[in-house]
Amino acid sequence: MKFVYVLTSTPKDLYYEQALMSVWSLRYHMPQAHIIVLVDNKTKDSFSEPNRSELQKLAEIISVDFEDTVSNVERSRLIKTAIPDYVSGDFLYIDCDTIIADDLSGIDEMDCNIGGILDGHCLLDDHIHKKYFIARDKKLGFHGTLAEGFNFNGGIVFYRDTEEGHALFKNWNEAWKYSAYEKHDFHDQSALNEANYRIGLKMKQIPGEWNCQPSHGGLAYLKDAKIIHYYSSEFNGKNYIPYYKLADKTLQNRIKETGKIPEDVIEMIKEPKFQFNSVHLINDDRIVSIMQSPLTFTLADIKAHLPALFNAMEATMGGIRAFGKKIKK
């Protein structure tokens, strides 16, 4: 079994540093593992810089050439949705924004040809992004989400070199190209689930510990987690409070400075299930259900930019709630 990453990166971003931590953690748990990092030609050229050379010591690098006009996002998606064109045999695809928490050799025992883990570790009806997934599929003319009743997360994909495996990636690549170039939607997850729909829903569910998503219902799988997927895209917002220490940009920038993982960070990677910052947990279904609502973000913007208006609104609503409670009594 091979373990495959896809990396497109420039010295201006932190994707290389994320990949370095993930590959290092996999090598730590599996010293003899066959690790492959698929990169585009520009990313490969950047490895000549002193602080971007360490990854080549930990994994086999395979470079794919593109015209200069092809963007990094396109390069990443075009490689990811066509991995069997560059890697032979069975493999487990792993996103770069992950930390490997255990030996992954047990993946060979999976009783399926192609598999993935539920996005958010839940079915569609329980997913906080249900409306978004359905709306996106409708825009694209896709049917995968509703047909499955869930979304497979594209961060981890299990593949056996079989007819089903080839069919999945062929359709994934075609669906993504249509999504990107006809509908201008560059997400790969919707195309993955559409590909699964087109081949007759052949993808099987793999246990959640193989793609533990702590911020999306993954805490139930953390104890036995094989792979921790911390979603680097979540940390792009300027107001986002990082919950996972290894996802912190300050920490990743320390790696960028020297090109090597500092000793204190290595010790953190060795104990990845304990690297959480203090966060505020909301234990109220009513509030959780509207956390992604435009109303919630509008209120946050009002508080940040028009605090006087927010205070007036809050005082008014507080008075109304107090009056309502008196009537109820």
# chains A, B, ... in the order shown; residues from 1 in each chain; ligands from 1
>>> residues_around(residues="Arg136 (chain A)", least_positions_apart="5", cutoff="9 Å", atoms="only C-alpha atoms", output="list in words")
Lys131, Gly141, Phe142, Asp185 and Ser190 of chain A
>>> write_last_selection(atoms="all heavy atoms", output="tab-separated table (two decimals), in the first residue's frame")
chain	number	residue	atom	x	y	z
A	131	LYS	N	-27.79	22.58	3.58
A	131	LYS	CA	-28.36	23.46	2.56
A	131	LYS	C	-27.31	23.89	1.55
A	131	LYS	O	-27.59	23.99	0.35
A	131	LYS	CB	-28.99	24.69	3.23
A	131	LYS	CG	-30.24	24.38	4.05
A	131	LYS	CD	-30.82	25.65	4.65
A	131	LYS	CE	-32.06	25.34	5.48
A	131	LYS	NZ	-32.62	26.59	6.10
A	141	GLY	N	-25.66	20.86	-11.28
A	141	GLY	CA	-26.39	19.79	-11.95
A	141	GLY	C	-25.96	18.42	-11.48
A	141	GLY	O	-26.10	17.43	-12.21
A	142	PHE	N	-25.44	18.34	-10.24
A	142	PHE	CA	-24.97	17.08	-9.67
A	142	PHE	C	-26.07	16.44	-8.81
A	142	PHE	O	-26.98	17.11	-8.34
A	142	PHE	CB	-23.73	17.31	-8.82
A	142	PHE	CG	-22.48	17.63	-9.60
A	142	PHE	CD1	-21.31	18.02	-8.93
A	142	PHE	CD2	-22.44	17.55	-10.98
A	142	PHE	CE1	-20.15	18.30	-9.64
A	142	PHE	CE2	-21.28	17.85	-11.70
A	142	PHE	CZ	-20.14	18.23	-11.01
A	185	ASP	N	-16.69	26.53	-10.35
A	185	ASP	CA	-16.65	26.06	-8.96
A	185	ASP	C	-15.48	25.10	-8.85
A	185	ASP	O	-15.47	24.03	-9.45
A	185	ASP	CB	-17.96	25.34	-8.61
A	185	ASP	CG	-18.05	24.97	-7.14
A	185	ASP	OD1	-17.04	24.46	-6.60
A	185	ASP	OD2	-19.12	25.16	-6.53
A	190	SER	N	-17.55	18.09	-4.09
A	190	SER	CA	-18.82	17.89	-4.78
A	190	SER	C	-18.62	16.99	-6.00
A	190	SER	O	-19.45	16.12	-6.29
A	190	SER	CB	-19.41	19.23	-5.21
A	190	SER	OG	-18.46	20.02	-5.90
>>> residues_around(residues="Val6 (chain A)", least_positions_apart="5", cutoff="6 Å", atoms="only C-alpha atoms", output="list in words")
Val37, Leu38 and Val39 of chain A
>>> write_last_selection(atoms="N, CA, C and O atoms", output="short mmCIF file (atom, residue, chain, number, x, y, z; two decimals), in the first residue's frame")
data_model
loop_
_atom_site.label_atom_id
_atom_site.label_comp_id
_atom_site.auth_asym_id
_atom_site.auth_seq_id
_atom_site.Cartn_x
_atom_site.Cartn_y
_atom_site.Cartn_z
N VAL A 37 4.73 12.04 -2.82
CA VAL A 37 4.15 13.38 -2.88
C VAL A 37 4.12 13.81 -4.34
O VAL A 37 5.17 13.98 -4.97
N LEU A 38 2.93 13.96 -4.88
CA LEU A 38 2.76 14.44 -6.24
C LEU A 38 2.76 15.97 -6.22
O LEU A 38 2.01 16.58 -5.46
N VAL A 39 3.61 16.56 -7.04
CA VAL A 39 3.72 18.02 -7.08
C VAL A 39 3.66 18.48 -8.53
O VAL A 39 3.85 17.69 -9.46
#
>>> residues_around(residues="Leu140 (chain A)", least_positions_apart="6", cutoff="10 Å", atoms="only C-alpha atoms", output="ChimeraX atom specification")
/A:134,175,178-180,182-185,190-191,194
>>> write_last_selection(atoms="N, CA, C and O atoms", output="mmCIF file, in the first residue's frame")
data_model
loop_
_atom_site.group_PDB
_atom_site.id
_atom_site.type_symbol
_atom_site.label_atom_id
_atom_site.label_comp_id
_atom_site.auth_asym_id
_atom_site.auth_seq_id
_atom_site.Cartn_x
_atom_site.Cartn_y
_atom_site.Cartn_z
ATOM 1 N N ILE A 134 -26.519 20.921 -0.881
ATOM 2 C CA ILE A 134 -27.603 20.710 -1.833
ATOM 3 C C ILE A 134 -27.651 21.836 -2.864
ATOM 4 O O ILE A 134 -27.829 21.596 -4.071
ATOM 5 N N ALA A 175 -15.877 15.163 -13.716
ATOM 6 C CA ALA A 175 -16.847 15.993 -13.000
ATOM 7 C C ALA A 175 -16.195 17.271 -12.503
ATOM 8 O O ALA A 175 -16.813 18.357 -12.534
ATOM 9 N N TYR A 178 -15.667 19.755 -15.393
ATOM 10 C CA TYR A 178 -16.943 20.403 -15.722
ATOM 11 C C TYR A 178 -17.281 21.454 -14.676
ATOM 12 O O TYR A 178 -17.659 22.581 -15.003
ATOM 13 N N SER A 179 -17.146 21.087 -13.405
ATOM 14 C CA SER A 179 -17.446 22.007 -12.307
ATOM 15 C C SER A 179 -16.598 23.265 -12.407
ATOM 16 O O SER A 179 -17.101 24.390 -12.262
ATOM 17 N N ALA A 180 -15.304 23.085 -12.659
ATOM 18 C CA ALA A 180 -14.373 24.217 -12.663
ATOM 19 C C ALA A 180 -14.490 25.076 -13.919
ATOM 20 O O ALA A 180 -14.586 26.309 -13.829
ATOM 21 N N GLU A 182 -16.775 24.895 -16.558
ATOM 22 C CA GLU A 182 -18.095 25.260 -17.065
ATOM 23 C C GLU A 182 -18.889 26.066 -16.038
ATOM 24 O O GLU A 182 -19.635 26.972 -16.392
ATOM 25 N N LYS A 183 -18.720 25.721 -14.740
ATOM 26 C CA LYS A 183 -19.517 26.358 -13.695
ATOM 27 C C LYS A 183 -18.680 27.231 -12.758
ATOM 28 O O LYS A 183 -19.223 27.856 -11.850
ATOM 29 N N HIS A 184 -17.380 27.254 -12.949
ATOM 30 C CA HIS A 184 -16.467 28.101 -12.163
ATOM 31 C C HIS A 184 -16.509 27.794 -10.666
ATOM 32 O O HIS A 184 -16.390 28.678 -9.834
ATOM 33 N N ASP A 185 -16.691 26.530 -10.345
ATOM 34 C CA ASP A 185 -16.653 26.057 -8.961
ATOM 35 C C ASP A 185 -15.476 25.096 -8.846
ATOM 36 O O ASP A 185 -15.470 24.026 -9.449
ATOM 37 N N SER A 190 -17.548 18.092 -4.087
ATOM 38 C CA SER A 190 -18.818 17.890 -4.785
ATOM 39 C C SER A 190 -18.616 16.989 -5.998
ATOM 40 O O SER A 190 -19.454 16.122 -6.293
ATOM 41 N N ALA A 191 -17.492 17.170 -6.697
ATOM 42 C CA ALA A 191 -17.196 16.336 -7.863
ATOM 43 C C ALA A 191 -16.913 14.895 -7.454
ATOM 44 O O ALA A 191 -17.268 13.955 -8.181
ATOM 45 N N GLU A 194 -20.253 13.289 -6.785
ATOM 46 C CA GLU A 194 -20.927 13.082 -8.056
ATOM 47 C C GLU A 194 -20.324 11.887 -8.790
ATOM 48 O O GLU A 194 -21.052 11.084 -9.395
#
>>> select_by_dssp(residues="region 125-192 of chain A", states="strand (DSSP E)", output="number ranges by chain")
A: 152-159
>>> atom_distance(atom1="CA of Ala304 (chain A)", atom2="CA of Asn277 (chain A)")
23.6 Å
>>> select_by_dssp(residues="region 82-223 of chain A", states="helix (DSSP H, G or I)", output="PyMOL selection string")
chain A and resi 83-85+105-109+119-121+124-126+130-140+144-148+163-183+189-198+208-211+214-216+218-221
>>> atom_distance(atom1="CA of His143 (chain A)", atom2="CA of Ala195 (chain A)")
9.5 Å
>>> closest_residue(among="A:His121, A:Lys44, A:Lys260, A:Arg160", to="Ile83 (chain A)", atoms="only C-alpha atoms")
A:Arg160
>>> residues_around(residues="region 100-103 of chain A", least_positions_apart="2", cutoff="9 Å", atoms="only C-alpha atoms", output="PyMOL selection string")
chain A and resi 21-30+98+105-106+224-229+269-273
>>> atom_distance(atom1="CA of Leu295 (chain A)", atom2="CA of Ala315 (chain A)")
17.8 Å
>>> residues_around(residues="Ala220 (chain A)", least_positions_apart="2", cutoff="12 Å", atoms="only C-alpha atoms", output="ChimeraX atom specification")
/A:120-122,207-209,211-218,222-225
>>> write_last_selection(atoms="C-alpha atoms", output="PDB file, in the first residue's frame")
ATOM      1  CA  GLY A 120     -18.502  15.896   9.491  1.00  0.00           C
ATOM      2  CA  HIS A 121     -18.903  12.261  10.556  1.00  0.00           C
ATOM      3  CA  CYS A 122     -22.637  12.548   9.965  1.00  0.00           C
ATOM      4  CA  PRO A 207     -14.447   4.118  10.070  1.00  0.00           C
ATOM      5  CA  GLY A 208     -14.182   7.713  11.256  1.00  0.00           C
ATOM      6  CA  GLU A 209     -10.785   7.297  12.944  1.00  0.00           C
ATOM      7  CA  ASN A 211     -10.191  10.891   8.935  1.00  0.00           C
ATOM      8  CA  CYS A 212     -10.849  12.310  12.393  1.00  0.00           C
ATOM      9  CA  GLN A 213     -12.246  15.816  11.932  1.00  0.00           C
ATOM     10  CA  PRO A 214     -12.180  17.315  15.464  1.00  0.00           C
ATOM     11  CA  SER A 215     -14.056  20.475  14.557  1.00  0.00           C
ATOM     12  CA  HIS A 216     -16.745  18.529  12.691  1.00  0.00           C
ATOM     13  CA  GLY A 217     -17.973  15.815  15.033  1.00  0.00           C
ATOM     14  CA  GLY A 218     -14.663  13.978  15.175  1.00  0.00           C
ATOM     15  CA  LEU A 222     -10.108  11.042  18.590  1.00  0.00           C
ATOM     16  CA  LYS A 223      -9.123   8.287  21.053  1.00  0.00           C
ATOM     17  CA  ASP A 224      -8.523   5.796  18.217  1.00  0.00           C
ATOM     18  CA  ALA A 225      -7.663   8.337  15.526  1.00  0.00           C
TER      19      ALA A 225
END
>>> closest_residue(among="A:Lys42, A:Asp95, A:Ser71, A:Phe3", to="Ala59 (chain A)", atoms="only C-alpha atoms")
A:Phe3
